[in-house]
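Q: Attaching a single structure in structure tokens format; questions to follow.
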Amino acid sequence: MKKNLTLLFALVSAGVFAQTNVEIKGVLYDQLSKTVLADTKFKIDDLGLEATTDNQGNYKIEVPEDAYEVELTVDGYEKVKQPLGEQTILNFFLKPDDIKSEDIDLATATITVQRNKAAEANLLNMQKKSTQIVENIGQVEMDRKGISDAAGAVAKMSGVTKQEGTGNVFVRGLGDRYNSTSLNGLPIPSENPGNKNIKLDLFSTDIIEYISMYKTYSSKINADFGGANVDITSKRYDGKGFFQVGLGTTINSNALDNKAYKLQDGPNYFGFKTTKIPNNVLGGYNFENSLNPVSKPSLGGSFNLKGGKSFRLNNGSKFGFFAAASFDSNGERLQNGVARTVDAHGNGIKDFHTFTSNKYNTNTTGLINLFYDINPNHKLRANSILINNSSQSLNEYNGYVRDINENENGLVRRGTYERNTLLINQLLGEHNFSERSEFNWGISFNTIKNEMPDRIQNTLRYDENDGQYYLANQDASLSHRYFQELKEDEMAANLAYSLKFGVDNSTYKAKLTVGYQGRFKERNLEANQFNLKVNKGDVAVDPNNLDGFFNQANYGSHFLISTFDSYNGTYRPQEYSGEQTINAGFAELEYHFSDRFMAIVGLRGEHINQLVDWRTALSQGKNEFDQFEILPSLAMRYKVNDKNNLRFAASKTYTLPQFKERAMFVYEDVTEIERGNPMLYASTNYNADLKWEWFPKQGEILSVAAFGKYIIDPINKVTIASSANDQSYANTGDWGYAIGVEVEARKAIIDNKGLNSEQVTIGLNAAYMQTKQELNDDKVFEETYFNGGRINTNFTFEEDSFTGASDLVLNADISYSKKWEKGGSVLATVAYNYFSDRLYSLGTETRGNQVDKGFGTLDFILRSKLDKNIGINFAAKNLLNPDIRRVQDNLNGAVDILSYKRGMNFSLGINYQF
């Protein structure tokens, strides 16, 4: 029975880095003849190895450590598939498929070993073996928990919360300014002029293999770091060809009444339309979009395509691709809400007792991933990602506005449409010149465009005597149309050369890595607000037919259009530009003192130059700072035994102010107004972590971590001491610190493996934190001088927490999964997330702090496969539908300043794989 068996490894992996192997063994049987496949020689093509079964049919081979499934296929036999897990003894029984065994050619046998770094067990194994402290979440876990984007995925990690209504996250109580985001190790720009990081919910799980969160710093990471670096690894496919198509729909419980669901005119269903400023905008009323709300369907939908294939070429090289395209939309209604700005006594400055918001969001994503393995030592990879994201909101505020609508009869309506278009292009390479030396590199060019075309706002008051609404005319800006456009281009490069010492087979005594990283960013923002100044006195209007007044016929005689800077019918926009250049060199030495104890010592030198140039309604000017930082880091791992690790890490980093925070540019919302501070400067951070990990079985973990951060000159958002309650940014004190403990546990309480496998798993992670910082009015006053004056803050407290910091963050889930021999499967998950109260804004002028009240969310996810081709998915999210509240903690009690309910979201989808 001596036949050739070809062992083909299908590499379903997101990385191109060298793997270590584990041994599997077992016996090959012919189930019909009850005999073994004895003395059979077979080859492992991808690794260039050979193996032979003995006279008892026993085989022994090595497979990559991230292998999770072994499949045996022979023409004429039923396919046999077995999970690997910790069980490394696999016996295969070949069952004839209505064919006599003597008619079967065993030379057609193919063993396929599936590798997937996105599998939970494999990501835990990576975490276990890494010297750095890292947490991972992969595609498998994201599917199990019904996660649709990167923001939702990161929010499931310990010590992480997602900011309500945004794609921003807080890590260990530290928000956007302290975190960084990268894709395949290369930086990506932000779509928002107010944020350092891109919204993570722009990245759908269709294009993600796994996400790594580095809560400790290493010299290979950009040093603008305080909370964490989130690195997204895009999908890479290496295997047999496949193609999948999916359809879905979603509905929000608050938006079931389509008659009440209205949005602004202009944007289309797919989120690609852009409205331009009309020609001769100051010479007539020529705007394209109507001011009247438009009824639109609230039912969301989704459509996705994905596929991939790899090819082995005649010269032994390999080429593969993965492509995905998707469109997702959802309608949402925030209701039962209030929105207020109040003074220290709780009296309203703006007091809207009714707040309702209709929202509609879209995300269109396209990805192409190519890889070319010239040979096992030289590999190339290319990624291109296009994301078009849009969000619409029509907000209505009813109530009191001081000096405008003081009888609690005001109506403010704002319609906002934002469109973000992000293009990412990356090229990466890995070259192993010998068993001792390797060179890794990556370059990227990214561009992003953020548009807010034709934001509309109208302010009215209601007269109870005649039952009419009247346009408010105390200020020209009470009715306006606003256009904003941001463009940002960024180039980045990573180069790293590593040399190993004391190499012995797959182990080494030491490794020295030296490298360079560069990041070159240019940003330009332009904004135009066209005020519709009513000049006719009291004008009665229909709120749902404002076009009846604002039209070309009434232009000039009833209202005029003005802007902050115009001359002879032309206008100049408010604008700022920013340039940032970062050049860094680093060296890192990894040393193995023994097979149990290892350490990495790193040193990074980084030169930062940031220039901001602005011309706004407040002032005109420019500001530049230039600094050089020396940043050491240390990471140690002690392997207590094969299942336990002790880890320690320490580092020095910094935190940069952002372009928007240093430009004298006014950002105005209905209840908030903020402006920049050109005198801001960087904070310095000192970080330390201590962690214990226990891995009882593959796919299981119990860990406890303690962390501490000491921050010099922390930056905060503050309320300026003034009648307008404007907000700005300042280095608010000399010091601040954050300390905390994190716990993570993952356990399989039922784990029956085999052809009909069944599993029940539970997971829990929690973090408890305490943060404190000095608040120093004199420091802010002395260090801040611009626009002819200084910032006065008059902090209510001398010390306080960091904004965004919750004392307690908790995530828990329980999952049931079952797989059947014929390819069907079911996976059900219940997931719970909770965060306690967190500080939104610091109090001044005896006003209390603004605090986001804690709440919990409960989700149910059901994913099933009817067979190997058809899948049906269902999700019910936010089942508890809690009140979402922001309060101002004044001395005479807490006052709600923002509250609403999001409603429950239900979605249903079906997919078919060819």
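The way I read the labels, and the way they are meant: chains A, B, ... in the order of the structure tokens, residue 1 as the first residue of every chain, and ligand 1 as the first ligand shown, with later ones counted on from there.
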Can you list, as a PyMOL selection string, every protein, DNA or RNA residue that comes within 7 Å of Ala540 (chain A) when you count only C-alpha atoms, leaving out same-chain residues fewer than 2 positions away?
A: chain A and resi 468-471+538
Q: With N, CA, C and O atoms retained, write the just-selected residues as a PDB file, in the first residue's frame.
A:
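To be explicit, this is the file written out as again_23.pdb:
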ATOM      1  N   GLN A 468     -47.859  80.760  16.822  1.00  0.00           N
ATOM      2  CA  GLN A 468     -46.941  80.867  15.690  1.00  0.00           C
ATOM      3  C   GLN A 468     -45.492  80.714  16.148  1.00  0.00           C
ATOM      4  O   GLN A 468     -45.139  81.068  17.280  1.00  0.00           O
ATOM      5  N   TYR A 469     -44.667  80.204  15.221  1.00  0.00           N
ATOM      6  CA  TYR A 469     -43.220  80.204  15.417  1.00  0.00           C
ATOM      7  C   TYR A 469     -42.643  81.427  14.711  1.00  0.00           C
ATOM      8  O   TYR A 469     -43.067  81.782  13.591  1.00  0.00           O
ATOM      9  N   TYR A 470     -41.647  82.076  15.384  1.00  0.00           N
ATOM     10  CA  TYR A 470     -40.990  83.254  14.815  1.00  0.00           C
ATOM     11  C   TYR A 470     -39.478  83.002  14.761  1.00  0.00           C
ATOM     12  O   TYR A 470     -38.904  82.390  15.678  1.00  0.00           O
ATOM     13  N   LEU A 471     -38.854  83.470  13.693  1.00  0.00           N
ATOM     14  CA  LEU A 471     -37.405  83.366  13.573  1.00  0.00           C
ATOM     15  C   LEU A 471     -36.717  84.270  14.590  1.00  0.00           C
ATOM     16  O   LEU A 471     -37.048  85.458  14.688  1.00  0.00           O
ATOM     17  N   ASP A 538     -39.962  90.709  13.509  1.00  0.00           N
ATOM     18  CA  ASP A 538     -40.550  89.419  13.795  1.00  0.00           C
ATOM     19  C   ASP A 538     -41.157  88.818  12.532  1.00  0.00           C
ATOM     20  O   ASP A 538     -42.003  89.434  11.866  1.00  0.00           O
TER      21      ASP A 538
END
Q: Once you count only C-alpha atoms, what closest atom pair and distance in Å to one decimal does each residue of region 637-714 of chain A within 12 Å of region 508-529 of chain A have, with rows by chain and rising residue number, as CSV?
A:
residue,atom,partner,partner_atom,distance
A:Gln658,CA,A:Arg523,CA,11.2
A:Phe659,CA,A:Arg523,CA,8.5
A:Lys660,CA,A:Leu525,CA,9.5
A:Ala663,CA,A:Leu525,CA,10.7
A:Phe665,CA,A:Ala527,CA,9.7
A:Val666,CA,A:Ala527,CA,10.1
A:Tyr667,CA,A:Ala527,CA,10.1
A:Glu668,CA,A:Gln529,CA,10.8
Q: When you look at Asn531 (chain A) with a cut-off of 10 Å (counting only C-alpha atoms), what residues show up, excluding the ones that are within fewer than 3 positions of it in the same chain? I need them as a PyMOL selection string.
A: chain A and resi 457+475-482+528+534+559-564
Q: Out of A:Val670, A:Leu291, A:Met491, A:Val401, which residue has the shortest atom-to-atom distance to Ile456 (chain A) when counting only C-alpha atoms?
A: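 Selected residue with least distance to Ile456 (chain A): A:Leu291.
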Q: Nearest residue to Arg604 (chain A) out of A:Lys306, A:Lys220, A:Lys273, A:Arg886, using only C-alpha atoms?
A: A:Lys220
Q: Leaving out Ala472 (chain A) and any residue of its chain fewer than 6 positions from it, which residues lie within 12 Å of it when counting only C-alpha atoms, given as a list in words?
A: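 My list of contacting residues is Val401, Asp403, Ile404, Asn405, Glu406, Asn409, Gly410, Leu411, Val412, Gln457, Asn458, Thr459, Leu460, Arg461, Tyr462, Asp463, Leu478, Ser479, His480, Leu532, Lys533, Val534, Asn535, Lys536, Gly537, Asp538, Val539, Ala540 and Val541 of chain A.
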Q: In terms of the shortest atom-to-atom distance over only C-alpha atoms, which of A:Leu702, A:Met598, A:Leu263, A:Ile61 is closest to Ser290 (chain A)?
A: A:Leu263
Q: Grab the CA of Asn179 (chain A) to CA of Met452 (chain A) distance for me, in Å with one decimal place.
A: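 Separation of CA of Asn179 (chain A) and CA of Met452 (chain A): 25.5 Å.
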